[in-house]
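Novice: Structure in C-alpha cells, see below.
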Amino acid sequence: MELETEKKTESSDSSGEDEEEEHKEAIEKTATDSFNFGKVEECIKKPLNSDQALPSTPALQKAFNKPSSKPAVFIPVDRSPEIQEARLKLPILAEEQVIMEAINENPVVIICGETGSGKTTQVPQFLYEAGYASSNGIIGITEPRRVAAVSMSHRVAKEMNISHRVVSYQIRYEGNVTDETKIKFMTDGVLLKEIQKDFLLLKYKVIIIDEAHERSVYTDILIGLLSRIVPLRGKVRKPMKLIIMSATLRVEDFTDNKKLFPAVPPAIQVDARQFPVTVHFNKRTPADDYNGECFRKVCKIHRMLPAGGILVFLTGQAEVHSLCRRLRKAFPFRKNKTEEKEESVEETRKFKKSKQRKTMPLPKIDLNSYSVLPVDEGDEDREAEMDEDEDAVGSDIDLELGDDGLEEGEKSDSSLPLYVLPLYSLLAPEKQAKVFRPPPLGTRLCVVATNVAETSLTIPSIKYVVDCGKVKKRFYDKVTGVSSFRVTWTSQASANQRAGRAGRTEPGHCYRLYSSAVFSDFEKFSPPEITRRPVEDLIIQMKALNIEKVINFPFPTPPPTEALAAAEELLIALGALKEPLKTGRLKELQRAKLSCPISPLGMTMASFPVAPRYAKMLALSKQHDCLPYAITIVSAMTVREFFEEFERPAVSEEETEKLKGKKARVTQMRRIWAGQGPFQKLGDLMVMLGAVGACEYAGCTPKFCEANGLRYKAMVEIRRLRGQLTTAVNSVCPDAGLFVDPKMKPPTETQVTYLRQIVLAGLGDHVARRIQAEELLDEKWKYAYKTPLLDDPVFIHPNSVLFKQLPEFVVYQEIVETTQMYMKGVSAIESEWIPVLLPPYCHFGKPLENPPPFYCPETGRIRCQRPSVFYRVGWQLPAVEVDYPEGIDRYKYFAKFLLEGKLGSYKRCLLSSPLTMLKTWSKLQPRTEILLKALVSESADSRDALLAAWKKNPKCKCLVSGGAGPTPAGPGSAGWLARGLMVKAG
DNA sequence: GAGCACTGC
C-alpha cells in the first residue's frame, strides 16, 4: 500500500489513471516512447515542403494501413462548383499535401495561419477526405467561442454539401450531433467535460484545437491533457492525432516545452489571404487623452480619406458612448427614407475633401512583414521633417492637410454624414447586429468598439482602423482575490490583430495613436489567461480526473504557485479535497497540500458546471426543498451583468430623462424583489431570486426584461443554466426529482434562512464583519467592514440592497476595487452559524464542561459545546455544538457512554462507575485502562469506528462484555445530501 | 454614493 503511494508521488506524471494499470504504465513512459514517431521538423517560419519527407514509423503506417505519404483511402466529397472555385483561392489548399503528410507522420502537428487562411474550415475537410473519419472515428474541433463552433459547423457542412447529421456542433446548451456525425465542432469546455467521461477520447481519431494562440484556460488545459492522451492512445493501439492551430507564430510555449511535448512537434505555416494594411504611427503619444486623439483622428479620416468604414478601438462602454456622442454631434446625419434602402452605392457618396485630393495608390505593405518590429524608424525621422504631428509610415496620404482644427469648437458638419455605432459585448444583440448591415446611403460607417471587435466579432468593409493602443483588463490579487480593472497598453500581437481588421475586404489603413517607439515597448504577447486569474475551478476539474499533483501537470504555461496553493486551500476548506494528515514536518505538509486527492463531495461538486463555491452550495441544498432556489441563485450569480447598465452619458436631453427613469425603476424593483424583514437578509441574492422568479413567471419575455431593467440575454442564459444544473443535480441524486418550474413559488421565511446558511457554507472565505463602534479609530472605517485577509476597509456596494442595512456579519460574492473596495452580491448571516458551517475557518477552544459532552445517537459520535474565534481576525464566536475534538478525551467520553449503555440496549453489571473513564491515566483502574487502551489502539472513538473494529476483530467485543454489541442506530452513511445540515432556523 | 474588458463547462 505504502509502496504504491510512494510510486505515485514519485512518478513524474500527473494524469494518473490508477484504476487502469495499462494507462498508468503508459503515462510513465510517455517521455521515452510516444513522441518518437518520426524525427521532427523544426520549421517554425517556413512551410514544410513535400520533398522534405519526414521519416515515419512502421507503427503509424500500420495503424492507418497505408504508406505514409499517400492516403490509401480517399473519401469523395461532392462540392458545388462555386464552392470549389472559392476554395481554390485559399492559400491553404496549396499546402494540403504538406499538411496531410505532416499529420500522417506525426502524432502532434502545429499549424500557424492568420485569419483568412481558411485553416479552420479546410483542415477538417482534408482529414475527412483522407479517411480520418471513415471508420468508427470522428474528427473533433474545439473553438473558444460558442458562435464560432456553430457557424464553422454550418459553413463546413455547406462547403462539403453534407448534412448537419454528419458535420455537427456541440456547445453548452445545445448541439446537433448524431450517430452519423463525422466532423464535430465544439467549444473547448465541452471537450474537457468529455474527457471526464472517457479519458482516452476513444471516439475521436483526430482532435483539432483551434485558436490556440488565444490561450483560453480550457485550451491550455486541453493541450496539457492531450499531450498525455495522444501517447496513451498509441499504447492501446488506437492512435489519435492532435493538431494545434494558431493564428500567430507564438508557439514556443507548445514547441519548446519539453514537459509538454518531449519531441518538438512540427509547425507548418500557411499564408493568409489578407489585404495589405498600412500602419501609421503617431509621432507623439498623447499622455492621457487618447479619447480626444481618437476623435480628432476619426474626424480627419472622415474628412479626407476615400470611402470605407472606420473601426475605432477603445477600452470601455463609457468611452465608446462618449466618442459616439461627439462624433454624431460633429457629423450629424438626418434619418431619411434612403436609410432603409440597403444597397449603398459607393459612387454616389460625397466626400468633400477627398474628391478634391488625388487618391494615392495604396502602398503595399504586408501586415505580416512588420508584425514583429516596426520597420519605420528611418521613415519616422524623414516624415518628422515634413510633419510635426504624425508619421505616416510608407504612405503618402497626409491627414494633416486640410485639418481645420475641428476639435476646439467641435462644430457640426452635416454635409458629411457619419453613421456612428457603438459596439461592445454587453450591448443588446439587436443593436450589435446593426454594425453588420450596410450604412444608410450617403453615409460612412464608423464603429466605436471595445475589444470584442478584436476577436469575437468581425465587421466586414472596414478600411480604416483607429487604435488607441489600450485595453481594459481585470486584475486579481493572488492572495486576497480582490479584483480591479485597469487600463494598460495592449500587446504587439493584439495591436496587429486590431490592424488586421482593416484588411478584410480591401487594402486598408491602421492609425495607431502612439509612436512606434511606444509600440516596440509593448509586450509581444499578452500573458495567457491561466496566469492571471484564480484557478480553483480548473483545479477541481483536474482533481476529478485524478490528477493529484497539479503542480506537475504539463501546462503550456503554468499558473503562479501562489494561485495553485490558494486554489488547493480553498478546495480543502470547501471539503472538495481530502485534507493532508497533520502529522509530519511542515515541509512535507506543504508538499502534501499541493497534492490532495479529491473527496466524494468534491466529485459531486466537480460534476456541477459552476464555480466550486457555488457547487458547494448546490451540494448542500437538498434539505427543506431548497434546491430549486439554490439552483436559481447559483445560476444568477454565475451569469454576469444581470441588470442593464444605465450609467452611460446620454446623447440627448430626451435620453437623459429616459435613462434617469430606467435607473429609478431598477432601484425600485431591486427593493421590491429584496422583500422585507427576514427575506431582505438574503440581500442581493434575494434580489436575484426575486428577479428570476418574476421574469420567469412573466414568460421571460424581452418586454418584461426591458420594462424592469434586466438584460434579456442574461435572463435567457440563467434559464438555460437552471435547466442544466437541474439535470446535473438529478443525475447525482435521482430521488430529488427536480424540474425547472417557471411558476416557482417564493421561498418561505424558513427556506430563506436555510438559503442564507447554504450561501455561507459556499462563501466561507468571503465573510466580512462590520466595524464595531469601539473599534472605530479612523474616519475611513466609518460604515466599513473588516475581512480576514485585507488590512484595508471594505464597503457594501451602493447598489446593494443591504447598503443601508449594514448587518454585522455578511458574506459577499466578490470584492471589486475602484475608488474603494466594494463588496458585491451581499447577504447577511448570523455569527452562530459560522462555527457550525465553516469549521475549517474557526479556531476552537476547549470543549465546555457545562453543558457536558454527550453521545449523539444519530451520528454515533461524541458531541460537545465549543467556543471559537474566526481565523486571522479573532472574532469571538458563540459556543456551538460540534463533534468532540480528536484525542484521548474523546476516547474517554466514548468509553463512558459505551459503559453507560448509550450505544445499545444491553445492561451489564459494571464494577466501576462509567464516570471513572474520565479520570486521568494514572487514576484509571486496570480494567478500565484496558478498555481505554483497546479503544485507542483500534481508533474506536465513535459508533461507526467501533463497529468497524469489531467487524475486523470480533475478539474486541470481549473488552466490553461478552454479550451482543450495540445495535447500530439508523444509517451511518453521511451522504452529501443527507448530512444533517444547518442550525435551527430562526 | 457608484463607473466592468472578454470568454468557456
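Labels for the C-alpha cells follow display order: chains A, B, ..., residues from 1 in each chain, ligands from 1.
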Neighbouring residues of Pro857 (chain A) were defined as those with any atom within 8 Å, considering only C-alpha atoms (C1' of nucleotides); residues of the same chain fewer than 2 positions away were excluded. Please report them as a list of chain:residue names.
Specialist: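 Non-adjacent residues within range: A:Tyr855, A:Thr859, A:Gly860, A:Arg861, A:Lys902, A:Leu903, A:Ala969.
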Novice: Could you write out the selected residues, including N, CA, C and O atoms, as a compact mmCIF listing (two decimals), in the first residue's frame?
Specialist:
```txt
# COMPACT_ATOMS: atom_id res chain seq x y z
N TYR A 855 -23.42 11.80 24.06
CA TYR A 855 -23.39 10.89 22.93
C TYR A 855 -24.57 11.20 22.02
O TYR A 855 -25.70 11.32 22.47
N THR A 859 -25.62 10.25 15.02
CA THR A 859 -24.34 10.12 14.32
C THR A 859 -23.44 9.08 14.96
O THR A 859 -22.45 8.66 14.37
N GLY A 860 -23.74 8.70 16.18
CA GLY A 860 -22.89 7.76 16.88
C GLY A 860 -21.58 8.37 17.34
O GLY A 860 -20.58 7.69 17.53
N ARG A 861 -21.58 9.71 17.45
CA ARG A 861 -20.33 10.39 17.83
C ARG A 861 -20.53 11.17 19.13
O ARG A 861 -21.64 11.46 19.55
N LYS A 902 -25.22 3.78 26.39
CA LYS A 902 -25.82 4.73 25.45
C LYS A 902 -25.81 4.23 24.01
O LYS A 902 -26.56 4.70 23.17
N LEU A 903 -24.89 3.27 23.73
CA LEU A 903 -24.78 2.82 22.36
C LEU A 903 -25.71 1.66 22.04
O LEU A 903 -25.89 1.30 20.89
N ALA A 969 -27.75 2.32 15.16
CA ALA A 969 -29.00 3.06 15.02
C ALA A 969 -28.99 3.90 13.76
O ALA A 969 -28.20 4.82 13.62
```
Novice: Name all residues at most 7 Å from Lys182 (chain A) (count only C-alpha atoms (C1' of nucleotides); drop same-chain ones fewer than 2 positions away) and give them as a ChimeraX atom specification.
Specialist: /A:133,138-139,166-167,180,184
Novice: Would you mind listing, as a PDB file with N, CA, C and O atoms, in the first residue's frame, all residues of chain A that have at least one atom within 8 Å of chain B, where only C-alpha atoms (C1' of nucleotides) are what counts?
Specialist:
```
ATOM      1  N   PRO A 144     -12.859  28.408 -29.057  1.00  0.00           N
ATOM      2  CA  PRO A 144     -13.022  29.061 -27.756  1.00  0.00           C
ATOM      3  C   PRO A 144     -14.365  29.764 -27.581  1.00  0.00           C
ATOM      4  O   PRO A 144     -14.687  30.178 -26.484  1.00  0.00           O
ATOM      5  N   ARG A 145     -15.146  29.906 -28.642  1.00  0.00           N
ATOM      6  CA  ARG A 145     -16.442  30.574 -28.517  1.00  0.00           C
ATOM      7  C   ARG A 145     -17.565  29.760 -29.134  1.00  0.00           C
ATOM      8  O   ARG A 145     -17.392  29.102 -30.143  1.00  0.00           O
ATOM      9  N   ARG A 172     -22.497  24.386 -25.012  1.00  0.00           N
ATOM     10  CA  ARG A 172     -23.011  24.130 -23.670  1.00  0.00           C
ATOM     11  C   ARG A 172     -24.467  23.674 -23.640  1.00  0.00           C
ATOM     12  O   ARG A 172     -24.785  22.671 -23.060  1.00  0.00           O
ATOM     13  N   THR A 187     -17.186  23.693 -28.304  1.00  0.00           N
ATOM     14  CA  THR A 187     -16.403  24.643 -27.524  1.00  0.00           C
ATOM     15  C   THR A 187     -15.391  23.845 -26.698  1.00  0.00           C
ATOM     16  O   THR A 187     -15.601  22.666 -26.418  1.00  0.00           O
ATOM     17  N   ASP A 188     -14.320  24.504 -26.303  1.00  0.00           N
ATOM     18  CA  ASP A 188     -13.241  23.767 -25.618  1.00  0.00           C
ATOM     19  C   ASP A 188     -13.711  23.142 -24.301  1.00  0.00           C
ATOM     20  O   ASP A 188     -13.302  22.040 -23.953  1.00  0.00           O
ATOM     21  N   GLY A 189     -14.613  23.843 -23.598  1.00  0.00           N
ATOM     22  CA  GLY A 189     -15.131  23.317 -22.338  1.00  0.00           C
ATOM     23  C   GLY A 189     -15.903  22.019 -22.524  1.00  0.00           C
ATOM     24  O   GLY A 189     -15.892  21.151 -21.652  1.00  0.00           O
ATOM     25  N   VAL A 190     -16.568  21.877 -23.658  1.00  0.00           N
ATOM     26  CA  VAL A 190     -17.322  20.649 -23.928  1.00  0.00           C
ATOM     27  C   VAL A 190     -16.375  19.461 -24.006  1.00  0.00           C
ATOM     28  O   VAL A 190     -16.626  18.399 -23.419  1.00  0.00           O
ATOM     29  N   LEU A 192     -13.445  19.221 -22.664  1.00  0.00           N
ATOM     30  CA  LEU A 192     -12.876  18.983 -21.333  1.00  0.00           C
ATOM     31  C   LEU A 192     -13.822  18.114 -20.505  1.00  0.00           C
ATOM     32  O   LEU A 192     -13.398  17.196 -19.805  1.00  0.00           O
ATOM     33  N   LYS A 193     -15.116  18.397 -20.600  1.00  0.00           N
ATOM     34  CA  LYS A 193     -16.104  17.586 -19.883  1.00  0.00           C
ATOM     35  C   LYS A 193     -16.126  16.157 -20.418  1.00  0.00           C
ATOM     36  O   LYS A 193     -16.300  15.201 -19.662  1.00  0.00           O
ATOM     37  N   SER A 216      -6.946  30.435 -24.226  1.00  0.00           N
ATOM     38  CA  SER A 216      -8.028  30.384 -23.247  1.00  0.00           C
ATOM     39  C   SER A 216      -7.690  29.284 -22.234  1.00  0.00           C
ATOM     40  O   SER A 216      -6.969  28.336 -22.558  1.00  0.00           O
ATOM     41  N   TYR A 218      -9.280  26.813 -20.949  1.00  0.00           N
ATOM     42  CA  TYR A 218      -9.631  25.442 -21.310  1.00  0.00           C
ATOM     43  C   TYR A 218      -8.746  24.897 -22.417  1.00  0.00           C
ATOM     44  O   TYR A 218      -8.387  23.725 -22.426  1.00  0.00           O
ATOM     45  N   THR A 315     -11.563  51.380 -24.805  1.00  0.00           N
ATOM     46  CA  THR A 315     -11.416  50.379 -23.740  1.00  0.00           C
ATOM     47  C   THR A 315     -12.688  50.014 -22.986  1.00  0.00           C
ATOM     48  O   THR A 315     -12.737  48.978 -22.350  1.00  0.00           O
ATOM     49  N   GLY A 316     -13.712  50.856 -23.014  1.00  0.00           N
ATOM     50  CA  GLY A 316     -14.892  50.517 -22.213  1.00  0.00           C
ATOM     51  C   GLY A 316     -16.166  51.162 -22.733  1.00  0.00           C
ATOM     52  O   GLY A 316     -16.134  52.048 -23.590  1.00  0.00           O
ATOM     53  N   SER A 425     -19.556  44.040 -25.884  1.00  0.00           N
ATOM     54  CA  SER A 425     -20.142  42.725 -25.653  1.00  0.00           C
ATOM     55  C   SER A 425     -21.515  42.778 -25.002  1.00  0.00           C
ATOM     56  O   SER A 425     -22.411  42.023 -25.367  1.00  0.00           O
ATOM     57  N   THR A 450     -15.113  48.175 -28.286  1.00  0.00           N
ATOM     58  CA  THR A 450     -14.140  47.682 -27.307  1.00  0.00           C
ATOM     59  C   THR A 450     -13.434  46.484 -27.943  1.00  0.00           C
ATOM     60  O   THR A 450     -13.572  46.248 -29.142  1.00  0.00           O
ATOM     61  N   ASN A 451     -12.775  45.709 -27.123  1.00  0.00           N
ATOM     62  CA  ASN A 451     -12.029  44.568 -27.624  1.00  0.00           C
ATOM     63  C   ASN A 451     -12.868  43.472 -28.278  1.00  0.00           C
ATOM     64  O   ASN A 451     -12.301  42.599 -28.904  1.00  0.00           O
ATOM     65  N   VAL A 452     -14.201  43.522 -28.144  1.00  0.00           N
ATOM     66  CA  VAL A 452     -14.998  42.492 -28.837  1.00  0.00           C
ATOM     67  C   VAL A 452     -14.665  42.422 -30.293  1.00  0.00           C
ATOM     68  O   VAL A 452     -14.693  41.345 -30.891  1.00  0.00           O
ATOM     69  N   VAL A 471      -6.035  48.653 -23.495  1.00  0.00           N
ATOM     70  CA  VAL A 471      -7.087  47.684 -23.156  1.00  0.00           C
ATOM     71  C   VAL A 471      -7.460  47.841 -21.700  1.00  0.00           C
ATOM     72  O   VAL A 471      -6.624  48.231 -20.873  1.00  0.00           O
ATOM     73  N   LYS A 472      -8.683  47.494 -21.410  1.00  0.00           N
ATOM     74  CA  LYS A 472      -9.077  47.411 -20.005  1.00  0.00           C
ATOM     75  C   LYS A 472      -9.051  45.943 -19.623  1.00  0.00           C
ATOM     76  O   LYS A 472      -9.637  45.099 -20.295  1.00  0.00           O
ATOM     77  N   LYS A 473      -8.332  45.652 -18.557  1.00  0.00           N
ATOM     78  CA  LYS A 473      -8.182  44.258 -18.153  1.00  0.00           C
ATOM     79  C   LYS A 473      -8.555  44.106 -16.691  1.00  0.00           C
ATOM     80  O   LYS A 473      -8.408  45.041 -15.906  1.00  0.00           O
ATOM     81  N   ARG A 474      -8.961  42.899 -16.362  1.00  0.00           N
ATOM     82  CA  ARG A 474      -9.262  42.617 -14.972  1.00  0.00           C
ATOM     83  C   ARG A 474      -8.009  42.058 -14.305  1.00  0.00           C
ATOM     84  O   ARG A 474      -7.336  41.195 -14.863  1.00  0.00           O
ATOM     85  N   PHE A 485     -10.104  46.687 -12.200  1.00  0.00           N
ATOM     86  CA  PHE A 485      -9.961  46.856 -13.640  1.00  0.00           C
ATOM     87  C   PHE A 485      -9.001  47.992 -13.909  1.00  0.00           C
ATOM     88  O   PHE A 485      -9.119  49.057 -13.309  1.00  0.00           O
ATOM     89  N   PRO A 609     -21.415  22.220 -13.355  1.00  0.00           N
ATOM     90  CA  PRO A 609     -20.622  23.140 -14.176  1.00  0.00           C
ATOM     91  C   PRO A 609     -20.666  24.595 -13.698  1.00  0.00           C
ATOM     92  O   PRO A 609     -21.024  25.496 -14.435  1.00  0.00           O
ATOM     93  N   VAL A 610     -20.314  24.809 -12.448  1.00  0.00           N
ATOM     94  CA  VAL A 610     -20.222  26.167 -11.897  1.00  0.00           C
ATOM     95  C   VAL A 610     -18.997  26.244 -10.992  1.00  0.00           C
ATOM     96  O   VAL A 610     -18.392  25.219 -10.673  1.00  0.00           O
ATOM     97  N   GLU A 647     -25.542  53.761 -16.787  1.00  0.00           N
ATOM     98  CA  GLU A 647     -24.653  54.813 -16.292  1.00  0.00           C
ATOM     99  C   GLU A 647     -23.996  55.613 -17.401  1.00  0.00           C
ATOM    100  O   GLU A 647     -23.234  56.515 -17.146  1.00  0.00           O
ATOM    101  N   HIS A 797     -21.353  47.610  -1.562  1.00  0.00           N
ATOM    102  CA  HIS A 797     -21.523  48.409  -2.771  1.00  0.00           C
ATOM    103  C   HIS A 797     -22.844  49.187  -2.696  1.00  0.00           C
ATOM    104  O   HIS A 797     -23.866  48.651  -2.266  1.00  0.00           O
ATOM    105  N   PRO A 798     -22.822  50.443  -3.133  1.00  0.00           N
ATOM    106  CA  PRO A 798     -24.035  51.269  -3.035  1.00  0.00           C
ATOM    107  C   PRO A 798     -25.245  50.676  -3.774  1.00  0.00           C
ATOM    108  O   PRO A 798     -26.376  50.992  -3.444  1.00  0.00           O
ATOM    109  N   ASN A 799     -24.992  49.823  -4.773  1.00  0.00           N
ATOM    110  CA  ASN A 799     -26.125  49.211  -5.463  1.00  0.00           C
ATOM    111  C   ASN A 799     -26.743  48.059  -4.681  1.00  0.00           C
ATOM    112  O   ASN A 799     -27.786  47.533  -5.056  1.00  0.00           O
TER     113      ASN A 799
END
```
Novice: Could you work out how far CA of His624 (chain A) lies from CA of Val732 (chain A), giving the answer in Å with one decimal?
Specialist: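 Separation between CA of Val732 (chain A) and CA of His624 (chain A): 17.9 Å.
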Novice: Out of region 92-245 of chain A, which residues get helix (DSSP H, G or I) from DSSP, as a PyMOL selection string?
Specialist: chain A and resi 92-94+96-105+119-129+146-160+188-197+212-214+217-235
Novice: One number please: CA of Pro429 (chain A) to CA of Cys700 (chain A), in Å, one decimal.
Specialist: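 Spanning CA of Pro429 (chain A) to CA of Cys700 (chain A) is a straight-line distance of 16.4 Å.
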Novice: If you run DSSP on the backbone here, which positions in region 781-973 of chain A get strand (DSSP E or B)? Please write them as a PyMOL selection string.
Specialist: chain A and resi 785-786+794-796+809-817+821-829+842-844+854-856+861-870+876-883
Novice: Just to confirm, what's the straight-line distance from CA of Ala517 (chain A) to CA of Lys300 (chain A) in Å (one decimal)?
Specialist: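 According to the coordinates, CA of Ala517 (chain A) and CA of Lys300 (chain A) are separated by 23.3 Å.
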Novice: Find the residues around region 789-793 of chain A up to 10 Å (only C-alpha atoms (C1' of nucleotides) counted), leave out those fewer than 4 positions away in its own chain, and share them as a list in words.
Specialist: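 What passes the distance filter is Val479, Thr480, Gly481, Val482, Asp765, His766, Ala768, Arg770, Ile771, Lys780, Trp781, Lys782, Tyr783, Ala784, Tyr785, Gln820, Met821, Tyr822, Tyr871, Arg872 and Val873 of chain A.
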